>>> print(open('upload39.json').read())   # JSON, C-alpha atoms
[["chain", "number", "residue", "atom", "x", "y", "z"],
["Q", 1, "MET", "CA", 107.41, 112.97, 94.80],
["Q", 2, "ASP", "CA", 108.49, 111.05, 97.92],
["Q", 3, "ASN", "CA", 106.72, 107.79, 97.02],
["Q", 4, "LYS", "CA", 109.06, 104.87, 97.73],
["Q", 5, "ILE", "CA", 108.42, 103.11, 94.41],
["Q", 6, "PHE", "CA", 108.94, 106.33, 92.49],
["Q", 7, "GLN", "CA", 112.29, 106.88, 94.19],
["Q", 8, "GLU", "CA", 113.29, 103.25, 93.59],
["Q", 9, "LEU", "CA", 112.50, 103.51, 89.87],
["Q", 10, "VAL", "CA", 114.32, 106.82, 89.50],
["Q", 11, "HIS", "CA", 117.35, 105.37, 91.29],
["Q", 12, "ALA", "CA", 117.39, 102.32, 89.01],
["Q", 13, "TYR", "CA", 117.15, 104.63, 85.98],
["Q", 14, "HIS", "CA", 120.09, 106.77, 87.09],
["Q", 15, "GLU", "CA", 122.12, 103.65, 87.89],
["Q", 16, "ASN", "CA", 121.31, 102.24, 84.43],
["Q", 17, "LYS", "CA", 119.70, 99.20, 86.07],
["Q", 18, "LEU", "CA", 116.16, 99.68, 84.86],
["Q", 19, "ALA", "CA", 114.21, 96.52, 83.98],
["Q", 20, "HIS", "CA", 112.13, 96.40, 80.81],
["Q", 21, "ALA", "CA", 108.96, 95.28, 82.61],
["Q", 22, "PHE", "CA", 107.61, 95.70, 86.14],
["Q", 23, "LEU", "CA", 104.77, 94.02, 87.99],
["Q", 24, "ILE", "CA", 103.52, 96.28, 90.75],
["Q", 25, "GLU", "CA", 101.24, 95.03, 93.52],
["Q", 26, "THR", "CA", 99.38, 97.91, 95.15],
["Q", 27, "ASN", "CA", 96.48, 98.72, 97.42],
["Q", 28, "ASP", "CA", 95.43, 101.69, 95.27],
["Q", 29, "LYS", "CA", 95.71, 101.10, 91.53],
["Q", 30, "GLU", "CA", 94.86, 104.66, 90.47],
["Q", 31, "LYS", "CA", 97.45, 106.22, 92.76],
["Q", 32, "CYS", "CA", 99.96, 103.66, 91.57],
["Q", 33, "TYR", "CA", 99.17, 104.53, 87.97],
["Q", 34, "GLN", "CA", 99.82, 108.22, 88.65],
["Q", 35, "THR", "CA", 103.13, 107.28, 90.29],
["Q", 36, "VAL", "CA", 104.10, 105.32, 87.17],
["Q", 37, "ILE", "CA", 103.16, 108.27, 84.92],
["Q", 38, "GLN", "CA", 105.25, 110.61, 87.04],
["Q", 39, "PHE", "CA", 108.22, 108.27, 86.70],
["Q", 40, "LEU", "CA", 107.71, 108.01, 82.92],
["Q", 41, "LYS", "CA", 107.89, 111.80, 82.71],
["Q", 42, "VAL", "CA", 111.30, 111.63, 84.40],
["Q", 43, "LEU", "CA", 112.41, 108.75, 82.19],
["Q", 44, "ASN", "CA", 111.57, 110.57, 78.96],
["Q", 45, "CYS", "CA", 112.57, 114.11, 79.90],
["Q", 46, "ALA", "CA", 115.23, 115.55, 77.60],
["Q", 47, "GLU", "CA", 116.38, 117.91, 80.37],
["Q", 48, "GLU", "CA", 116.58, 117.67, 84.15],
["Q", 49, "PHE", "CA", 112.98, 116.88, 85.11],
["Q", 50, "LYS", "CA", 111.07, 119.38, 87.23],
["Q", 51, "ASP", "CA", 107.46, 119.27, 88.41],
["Q", 52, "ASN", "CA", 105.16, 121.62, 86.47],
["Q", 53, "CYS", "CA", 107.80, 122.12, 83.81],
["Q", 54, "THR", "CA", 106.73, 124.38, 80.93],
["Q", 55, "SER", "CA", 109.89, 124.22, 78.81],
["Q", 56, "CYS", "CA", 108.54, 121.45, 76.56],
["Q", 57, "ASN", "CA", 105.26, 119.82, 75.55],
["Q", 58, "LEU", "CA", 105.99, 116.30, 76.80],
["Q", 59, "CYS", "CA", 104.36, 116.58, 80.25],
["Q", 60, "HIS", "CA", 101.29, 118.14, 78.66],
["Q", 61, "LEU", "CA", 101.03, 115.15, 76.32],
["Q", 62, "PHE", "CA", 101.27, 112.81, 79.30],
["Q", 63, "ASP", "CA", 98.67, 114.73, 81.29],
["Q", 64, "THR", "CA", 96.16, 114.90, 78.44],
["Q", 65, "ASN", "CA", 96.64, 111.25, 77.45],
["Q", 66, "ALA", "CA", 97.73, 112.42, 74.00],
["Q", 67, "LEU", "CA", 101.16, 110.81, 73.81],
["Q", 68, "PRO", "CA", 101.14, 108.19, 71.02],
["Q", 69, "SER", "CA", 103.99, 106.26, 72.62],
["Q", 70, "LEU", "CA", 102.05, 105.66, 75.85],
["Q", 71, "LEU", "CA", 99.29, 103.06, 75.81],
["Q", 72, "THR", "CA", 97.22, 102.12, 78.85],
["Q", 73, "ILE", "CA", 95.17, 98.93, 78.64],
["Q", 74, "TYR", "CA", 92.18, 98.17, 80.85],
["Q", 75, "PRO", "CA", 90.13, 94.97, 80.84],
["Q", 76, "ASP", "CA", 87.53, 94.78, 78.10],
["Q", 77, "GLY", "CA", 84.72, 93.25, 80.10],
["Q", 78, "GLN", "CA", 86.01, 90.52, 82.40],
["Q", 79, "ASN", "CA", 89.38, 90.03, 80.69],
["Q", 80, "ILE", "CA", 92.19, 91.74, 78.86],
["Q", 81, "LYS", "CA", 91.80, 90.27, 75.40],
["Q", 82, "LYS", "CA", 94.34, 89.04, 72.88],
["Q", 83, "GLU", "CA", 93.17, 91.67, 70.37],
["Q", 84, "GLN", "CA", 94.13, 94.45, 72.80],
["Q", 85, "ILE", "CA", 97.69, 93.09, 73.05],
["Q", 86, "LEU", "CA", 97.95, 92.67, 69.29],
["Q", 87, "GLU", "CA", 96.94, 96.32, 68.91],
["Q", 88, "LEU", "CA", 99.66, 97.27, 71.38],
["Q", 89, "LYS", "CA", 102.27, 95.32, 69.42],
["Q", 90, "ARG", "CA", 101.22, 96.97, 66.15],
["Q", 91, "ALA", "CA", 101.47, 100.42, 67.71],
["Q", 92, "PHE", "CA", 105.00, 99.73, 68.95],
["Q", 93, "GLN", "CA", 106.45, 98.44, 65.66],
["Q", 94, "THR", "CA", 108.19, 101.78, 65.15],
["Q", 95, "LYS", "CA", 110.38, 103.79, 67.46],
["Q", 96, "PRO", "CA", 108.76, 106.67, 69.38],
["Q", 97, "VAL", "CA", 108.85, 110.19, 67.97],
["Q", 98, "PHE", "CA", 108.00, 112.46, 70.91],
["Q", 99, "SER", "CA", 109.60, 110.42, 73.69],
["Q", 100, "LYS", "CA", 112.60, 108.19, 74.34],
["Q", 101, "TYR", "CA", 110.48, 105.10, 75.01],
["Q", 102, "ASN", "CA", 107.39, 103.33, 73.85],
["Q", 103, "MET", "CA", 105.53, 102.72, 77.10],
["Q", 104, "TYR", "CA", 102.62, 100.52, 78.10],
["Q", 105, "VAL", "CA", 100.69, 100.11, 81.33],
["Q", 106, "ILE", "CA", 98.47, 97.07, 81.85],
["Q", 107, "MET", "CA", 95.87, 97.83, 84.51],
["Q", 108, "ASP", "CA", 94.27, 94.96, 86.45],
["Q", 109, "ALA", "CA", 96.99, 92.64, 85.19],
["Q", 110, "GLU", "CA", 95.33, 89.69, 86.93],
["Q", 111, "ASN", "CA", 92.72, 89.87, 84.15],
["Q", 112, "LEU", "CA", 95.17, 88.77, 81.47],
["Q", 113, "ASN", "CA", 93.93, 85.38, 80.29],
["Q", 114, "SER", "CA", 96.14, 82.65, 78.86],
["Q", 115, "SER", "CA", 95.65, 83.87, 75.27],
["Q", 116, "SER", "CA", 96.46, 87.53, 75.91],
["Q", 117, "ALA", "CA", 99.31, 86.61, 78.29],
["Q", 118, "ASN", "CA", 100.92, 84.38, 75.65],
["Q", 119, "THR", "CA", 100.66, 87.24, 73.15],
["Q", 120, "MET", "CA", 102.56, 89.45, 75.61],
["Q", 121, "LEU", "CA", 105.47, 87.03, 75.90],
["Q", 122, "LYS", "CA", 107.46, 88.35, 72.94],
["Q", 123, "PHE", "CA", 107.58, 91.78, 74.56],
["Q", 124, "LEU", "CA", 108.81, 90.16, 77.74],
["Q", 125, "GLU", "CA", 111.16, 87.49, 76.35],
["Q", 126, "GLU", "CA", 112.70, 89.58, 73.56],
["Q", 127, "PRO", "CA", 112.47, 93.13, 74.92],
["Q", 128, "GLU", "CA", 113.27, 96.04, 72.63],
["Q", 129, "GLU", "CA", 115.64, 98.62, 74.05],
["Q", 130, "TYR", "CA", 113.12, 101.43, 73.63],
["Q", 131, "ILE", "CA", 110.09, 99.68, 75.17],
["Q", 132, "ILE", "CA", 109.18, 99.65, 78.88],
["Q", 133, "GLY", "CA", 106.06, 98.21, 80.48],
["Q", 134, "PHE", "CA", 104.20, 98.16, 83.79],
["Q", 135, "PHE", "CA", 101.64, 95.63, 85.01],
["Q", 136, "ILE", "CA", 99.53, 96.90, 87.91],
["Q", 137, "THR", "CA", 97.52, 94.57, 90.13],
["Q", 138, "ASN", "CA", 96.03, 94.43, 93.62],
["Q", 139, "ASN", "CA", 97.28, 90.85, 94.05],
["Q", 140, "LYS", "CA", 100.35, 89.57, 92.24],
["Q", 141, "GLU", "CA", 99.43, 85.98, 93.11],
["Q", 142, "ASN", "CA", 96.49, 86.21, 90.71],
["Q", 143, "VAL", "CA", 98.71, 87.19, 87.76],
["Q", 144, "ILE", "CA", 99.56, 84.41, 85.31],
["Q", 145, "ASP", "CA", 102.97, 82.91, 86.12],
["Q", 146, "THR", "CA", 104.36, 83.43, 82.61],
["Q", 147, "ILE", "CA", 103.93, 87.18, 83.11],
["Q", 148, "LYS", "CA", 104.97, 87.29, 86.74],
["Q", 149, "SER", "CA", 108.19, 85.36, 86.21],
["Q", 150, "ARG", "CA", 109.39, 87.77, 83.50],
["Q", 151, "CYS", "CA", 108.84, 91.01, 85.41],
["Q", 152, "GLN", "CA", 110.63, 92.74, 88.23],
["Q", 153, "ILE", "CA", 108.13, 92.73, 91.09],
["Q", 154, "LEU", "CA", 107.57, 95.83, 93.21],
["Q", 155, "LEU", "CA", 105.19, 96.50, 96.10],
["Q", 156, "ASP", "CA", 103.49, 99.89, 96.26],
["Q", 157, "TYR", "CA", 101.34, 100.38, 99.39],
["Q", 158, "TYR", "CA", 99.63, 103.58, 100.42],
["Q", 159, "ASP", "CA", 98.53, 104.53, 103.90],
["Q", 160, "VAL", "CA", 94.87, 103.55, 104.09],
["Q", 161, "ASP", "CA", 94.11, 106.86, 105.82],
["Q", 162, "GLU", "CA", 94.91, 108.60, 102.52],
["Q", 163, "MET", "CA", 92.20, 106.78, 100.60],
["Q", 164, "GLY", "CA", 89.57, 109.51, 100.68],
["Q", 165, "ASP", "CA", 86.05, 109.92, 102.04],
["Q", 166, "ILE", "CA", 83.94, 106.84, 102.67],
["Q", 167, "PRO", "CA", 81.08, 106.41, 100.16],
["Q", 168, "LEU", "CA", 77.63, 106.18, 101.73],
["Q", 169, "GLU", "CA", 77.09, 102.66, 100.38],
["Q", 170, "TYR", "CA", 79.94, 101.34, 102.58],
["Q", 171, "GLN", "CA", 78.54, 103.05, 105.65],
["Q", 172, "GLU", "CA", 75.21, 101.32, 105.01],
["Q", 173, "MET", "CA", 77.01, 98.03, 104.35],
["Q", 174, "ALA", "CA", 78.80, 98.34, 107.69],
["Q", 175, "LEU", "CA", 75.48, 98.85, 109.50],
["Q", 176, "HIS", "CA", 74.03, 95.69, 107.98],
["Q", 177, "TYR", "CA", 77.24, 93.76, 108.61],
["Q", 178, "ALA", "CA", 77.42, 94.76, 112.27],
["Q", 179, "LEU", "CA", 73.80, 93.76, 112.81],
["Q", 180, "GLU", "CA", 74.54, 90.41, 111.18],
["Q", 181, "LEU", "CA", 77.55, 89.92, 113.43],
["Q", 182, "GLU", "CA", 75.67, 90.84, 116.58],
["Q", 183, "THR", "CA", 72.52, 88.81, 115.94],
["Q", 184, "THR", "CA", 73.46, 85.77, 113.76],
["Q", 185, "HIS", "CA", 76.95, 84.67, 114.79],
["Q", 186, "GLU", "CA", 76.73, 81.17, 113.34],
["Q", 187, "ASP", "CA", 76.13, 82.40, 109.78],
["Q", 188, "THR", "CA", 78.62, 85.24, 109.49],
["Q", 189, "LEU", "CA", 81.37, 83.33, 107.66],
["Q", 190, "LEU", "CA", 78.80, 82.43, 105.02],
["Q", 191, "TYR", "CA", 77.64, 86.05, 105.00],
["Q", 192, "ASN", "CA", 81.24, 87.11, 104.28],
["Q", 193, "LYS", "CA", 81.44, 84.78, 101.30],
["Q", 194, "ASP", "CA", 78.01, 85.30, 99.76],
["Q", 195, "THR", "CA", 77.18, 88.91, 100.61],
["Q", 196, "LEU", "CA", 80.38, 90.88, 101.23],
["Q", 197, "LEU", "CA", 83.04, 89.42, 98.95],
["Q", 198, "PRO", "CA", 81.19, 90.28, 95.71],
["Q", 199, "PHE", "CA", 81.54, 93.95, 96.74],
["Q", 200, "ILE", "CA", 84.75, 93.97, 98.82],
["Q", 201, "LYS", "CA", 87.17, 93.11, 96.02],
["Q", 202, "ASP", "CA", 90.22, 95.21, 96.85],
["Q", 203, "LYS", "CA", 91.98, 96.93, 99.70],
["Q", 204, "LYS", "CA", 90.31, 100.28, 99.21],
["Q", 205, "SER", "CA", 86.79, 98.86, 99.54],
["Q", 206, "ALA", "CA", 87.91, 96.79, 102.57],
["Q", 207, "PHE", "CA", 89.31, 99.95, 104.13],
["Q", 208, "TRP", "CA", 86.02, 101.78, 103.59],
["Q", 209, "LEU", "CA", 84.07, 98.93, 105.19],
["Q", 210, "PHE", "CA", 86.28, 98.67, 108.27],
["Q", 211, "LYS", "CA", 86.59, 102.44, 108.64],
["Q", 212, "SER", "CA", 82.78, 102.57, 108.66],
["Q", 213, "LEU", "CA", 82.70, 99.77, 111.25],
["Q", 214, "LEU", "CA", 85.22, 101.67, 113.36],
["Q", 215, "GLU", "CA", 83.06, 104.80, 113.33],
["Q", 216, "LEU", "CA", 79.98, 102.73, 114.16],
["Q", 217, "TYR", "CA", 81.52, 100.98, 117.16],
["Q", 218, "GLU", "CA", 83.08, 104.23, 118.39],
["Q", 219, "ASN", "CA", 79.60, 105.76, 118.35],
["Q", 220, "LEU", "CA", 78.26, 102.77, 120.28],
["Q", 221, "TYR", "CA", 81.09, 103.00, 122.78],
["Q", 222, "TYR", "CA", 80.38, 106.65, 123.52],
["Q", 223, "ALA", "CA", 76.66, 105.92, 123.57],
["Q", 224, "SER", "CA", 77.28, 103.21, 126.17],
["Q", 225, "LEU", "CA", 78.85, 105.89, 128.36],
["Q", 226, "HIS", "CA", 76.19, 108.49, 127.61],
["Q", 227, "ILE", "CA", 73.08, 106.70, 126.40],
["Q", 228, "SER", "CA", 71.25, 109.94, 125.65],
["Q", 229, "GLU", "CA", 73.81, 110.71, 122.95],
["Q", 230, "LEU", "CA", 73.08, 107.58, 120.89],
["Q", 231, "LYS", "CA", 73.02, 108.72, 117.27],
["Q", 232, "GLU", "CA", 69.77, 108.25, 115.41],
["Q", 233, "GLN", "CA", 71.47, 106.18, 112.68],
["Q", 234, "ASN", "CA", 72.39, 103.57, 115.30],
["Q", 235, "GLU", "CA", 68.92, 103.12, 116.86],
["Q", 236, "GLY", "CA", 68.91, 99.48, 115.70],
["Q", 237, "PHE", "CA", 71.79, 98.79, 118.08],
["Q", 238, "ARG", "CA", 70.12, 100.11, 121.21],
["Q", 239, "PHE", "CA", 69.90, 96.55, 122.58],
["Q", 240, "LEU", "CA", 73.72, 96.48, 122.72],
["Q", 241, "LEU", "CA", 73.89, 99.39, 125.11],
["Q", 242, "LYS", "CA", 73.23, 97.01, 127.99],
["Q", 243, "LYS", "CA", 76.74, 95.69, 127.40],
["Q", 244, "ASP", "CA", 79.76, 97.02, 129.21],
["Q", 245, "SER", "CA", 81.77, 99.70, 127.40],
["Q", 246, "ASN", "CA", 84.74, 97.29, 127.37],
["Q", 247, "TYR", "CA", 82.72, 95.16, 124.93],
["Q", 248, "PHE", "CA", 82.93, 97.97, 122.38],
["Q", 249, "LEU", "CA", 86.54, 98.80, 123.19],
["Q", 250, "LYS", "CA", 87.53, 95.23, 122.32],
["Q", 251, "LYS", "CA", 85.80, 95.49, 118.95],
["Q", 252, "ILE", "CA", 87.40, 98.86, 118.27],
["Q", 253, "HIS", "CA", 90.81, 97.37, 119.03],
["Q", 254, "VAL", "CA", 90.27, 94.46, 116.61],
["Q", 255, "ILE", "CA", 89.08, 96.80, 113.85],
["Q", 256, "MET", "CA", 92.08, 99.10, 114.30],
["Q", 257, "GLU", "CA", 94.42, 96.10, 114.06],
["Q", 258, "ILE", "CA", 92.73, 95.04, 110.83],
["Q", 259, "LEU", "CA", 92.95, 98.56, 109.38],
["Q", 260, "ASP", "CA", 96.68, 98.47, 110.07],
["Q", 261, "GLU", "CA", 96.94, 94.96, 108.62],
["Q", 262, "LEU", "CA", 95.31, 96.17, 105.40],
["Q", 263, "ASN", "CA", 98.58, 97.97, 104.63],
["Q", 264, "TYR", "CA", 100.14, 94.54, 104.08],
["Q", 265, "ASN", "CA", 97.50, 91.83, 103.63],
["Q", 266, "LEU", "CA", 95.72, 91.65, 100.28],
["Q", 267, "ASN", "CA", 93.71, 88.49, 100.96],
["Q", 268, "ILE", "CA", 90.37, 90.18, 101.65],
["Q", 269, "SER", "CA", 88.58, 86.89, 102.36],
["Q", 270, "LEU", "CA", 91.02, 86.05, 105.17],
["Q", 271, "VAL", "CA", 90.73, 89.56, 106.62],
["Q", 272, "LEU", "CA", 86.92, 89.32, 106.75],
["Q", 273, "ASP", "CA", 86.98, 85.86, 108.29],
["Q", 274, "ARG", "CA", 89.57, 86.91, 110.84],
["Q", 275, "PHE", "CA", 87.31, 89.76, 111.91],
["Q", 276, "VAL", "CA", 84.37, 87.38, 112.41],
["Q", 277, "LEU", "CA", 86.45, 84.90, 114.41],
["Q", 278, "GLU", "CA", 88.19, 87.46, 116.63],
["Q", 279, "GLU", "CA", 85.04, 89.51, 117.03],
["Q", 280, "GLY", "CA", 83.22, 86.47, 118.32],
["Q", 281, "GLU", "CA", 85.81, 85.47, 120.91]]
>>> encode(input="upload39.json", output="structure tokens")
Amino acid sequence: MDNKIFQELVHAYHENKLAHAFLIETNDKEKCYQTVIQFLKVLNCAEEFKDNCTSCNLCHLFDTNALPSLLTIYPDGQNIKKEQILELKRAFQTKPVFSKYNMYVIMDAENLNSSSANTMLKFLEEPEEYIIGFFITNNKENVIDTIKSRCQILLDYYDVDEMGDIPLEYQEMALHYALELETTHEDTLLYNKDTLLPFIKDKKSAFWLFKSLLELYENLYYASLHISELKEQNEGFRFLLKKDSNYFLKKIHVIMEILDELNYNLNISLVLDRFVLEEGE
């Protein structure tokens, strides 16, 4: 695996400089989780680790989520609850049998509340030699300070073009959004807050929205050059075809800049508002 974070963790392991807890900010939590699992296979391998190894059962236990010494915690409802952390602590009272480490991964770490975060502190302040943990979030600034300050922080960004096919719901959302932008300029910042932000919560969903907008405005650009080729799905934008093709090129340029910016900027609200402001200039 050539992932930068994976290589950094492996290097720290071989240099005997591995921290006991990591907070990873990422734009794709599921890919990040798989990267962490791949590293944990290396960390616990009794031999020289190889992909698709069949010489032992450890990788199979990882892949089937059957390894007792690996616990992954997701929010229970809106929050990660104190009871979930207490269960983790009970499970790790003994040393692991099938692996070198007891391992935990806290997904959506920003959903730790004050009670569950305080329960985690013993793991973080008095770390056992055979315990290692990972906190995964899409915005480290939303993680409680008592957790953040006790972890080594890593950034794990993936190229947005690797994020898969766009779900239909985001294509439809982009159509409604573009119509809102083109017809009701004075209300679009409010539209961002009230209509979009409840659905555009992370970088992947923002990517899908802006990728859909890019495809839409590219269609309109080509339609402005060849009006007979206007796609049926964009009939509602026929009134825009009176505009010069440079009008659409400007919008395409702004969207492409934002898609690139999504590799670094995790404040979705600011990204949406920037699009409205630049799009209206």
>>> atom_distance(input="upload39.json", atom1="atom CA of Q:Ile144", atom2="atom CA of Q:Ala117")
7.4 Å
>>> residues_around(input="upload39.json", residues="Q:Phe275", least_positions_apart="6", cutoff="9 Å", atoms="only C-alpha atoms", output="short mmCIF file (atom, residue, chain, number, x, y, z; two decimals) with C-alpha atoms, in the frame of the given file")
data_model
loop_
_atom_site.label_atom_id
_atom_site.label_comp_id
_atom_site.auth_asym_id
_atom_site.auth_seq_id
_atom_site.Cartn_x
_atom_site.Cartn_y
_atom_site.Cartn_z
CA VAL Q 254 90.27 94.46 116.61
CA ILE Q 255 89.08 96.80 113.85
CA ILE Q 258 92.73 95.04 110.83
#
>>> atom_distance(input="upload39.json", atom1="atom CA of Q:Lys122", atom2="atom CA of Q:Leu18")
18.6 Å
>>> closest_residue(input="upload39.json", among="Q:Lys95, Q:His20, Q:Lys250, Q:Lys100", to="Q:Arg150", atoms="all atoms listed in the file")
Q:His20
>>> atom_distance(input="upload39.json", atom1="atom CA of Q:Ile147", atom2="atom CA of Q:Gln7")
24.1 Å
>>> residues_near_point(input="upload39.json", point="(109.3, 93.3, 75.0)", cutoff="12 Å", atoms="only C-alpha atoms", output="ChimeraX atom specification")
/Q:19-22,85,88-89,92-93,101-104,119-134,147,150-151
>>> write_last_selection(input="upload39.json", atoms="C-alpha atoms", output="mmCIF file, keeping the file's coordinate frame")
data_model
loop_
_atom_site.group_PDB
_atom_site.id
_atom_site.type_symbol
_atom_site.label_atom_id
_atom_site.label_comp_id
_atom_site.auth_asym_id
_atom_site.auth_seq_id
_atom_site.Cartn_x
_atom_site.Cartn_y
_atom_site.Cartn_z
ATOM 1 C CA ALA Q 19 114.210 96.520 83.980
ATOM 2 C CA HIS Q 20 112.130 96.400 80.810
ATOM 3 C CA ALA Q 21 108.960 95.280 82.610
ATOM 4 C CA PHE Q 22 107.610 95.700 86.140
ATOM 5 C CA ILE Q 85 97.690 93.090 73.050
ATOM 6 C CA LEU Q 88 99.660 97.270 71.380
ATOM 7 C CA LYS Q 89 102.270 95.320 69.420
ATOM 8 C CA PHE Q 92 105.000 99.730 68.950
ATOM 9 C CA GLN Q 93 106.450 98.440 65.660
ATOM 10 C CA TYR Q 101 110.480 105.100 75.010
ATOM 11 C CA ASN Q 102 107.390 103.330 73.850
ATOM 12 C CA MET Q 103 105.530 102.720 77.100
ATOM 13 C CA TYR Q 104 102.620 100.520 78.100
ATOM 14 C CA THR Q 119 100.660 87.240 73.150
ATOM 15 C CA MET Q 120 102.560 89.450 75.610
ATOM 16 C CA LEU Q 121 105.470 87.030 75.900
ATOM 17 C CA LYS Q 122 107.460 88.350 72.940
ATOM 18 C CA PHE Q 123 107.580 91.780 74.560
ATOM 19 C CA LEU Q 124 108.810 90.160 77.740
ATOM 20 C CA GLU Q 125 111.160 87.490 76.350
ATOM 21 C CA GLU Q 126 112.700 89.580 73.560
ATOM 22 C CA PRO Q 127 112.470 93.130 74.920
ATOM 23 C CA GLU Q 128 113.270 96.040 72.630
ATOM 24 C CA GLU Q 129 115.640 98.620 74.050
ATOM 25 C CA TYR Q 130 113.120 101.430 73.630
ATOM 26 C CA ILE Q 131 110.090 99.680 75.170
ATOM 27 C CA ILE Q 132 109.180 99.650 78.880
ATOM 28 C CA GLY Q 133 106.060 98.210 80.480
ATOM 29 C CA PHE Q 134 104.200 98.160 83.790
ATOM 30 C CA ILE Q 147 103.930 87.180 83.110
ATOM 31 C CA ARG Q 150 109.390 87.770 83.500
ATOM 32 C CA CYS Q 151 108.840 91.010 85.410
#
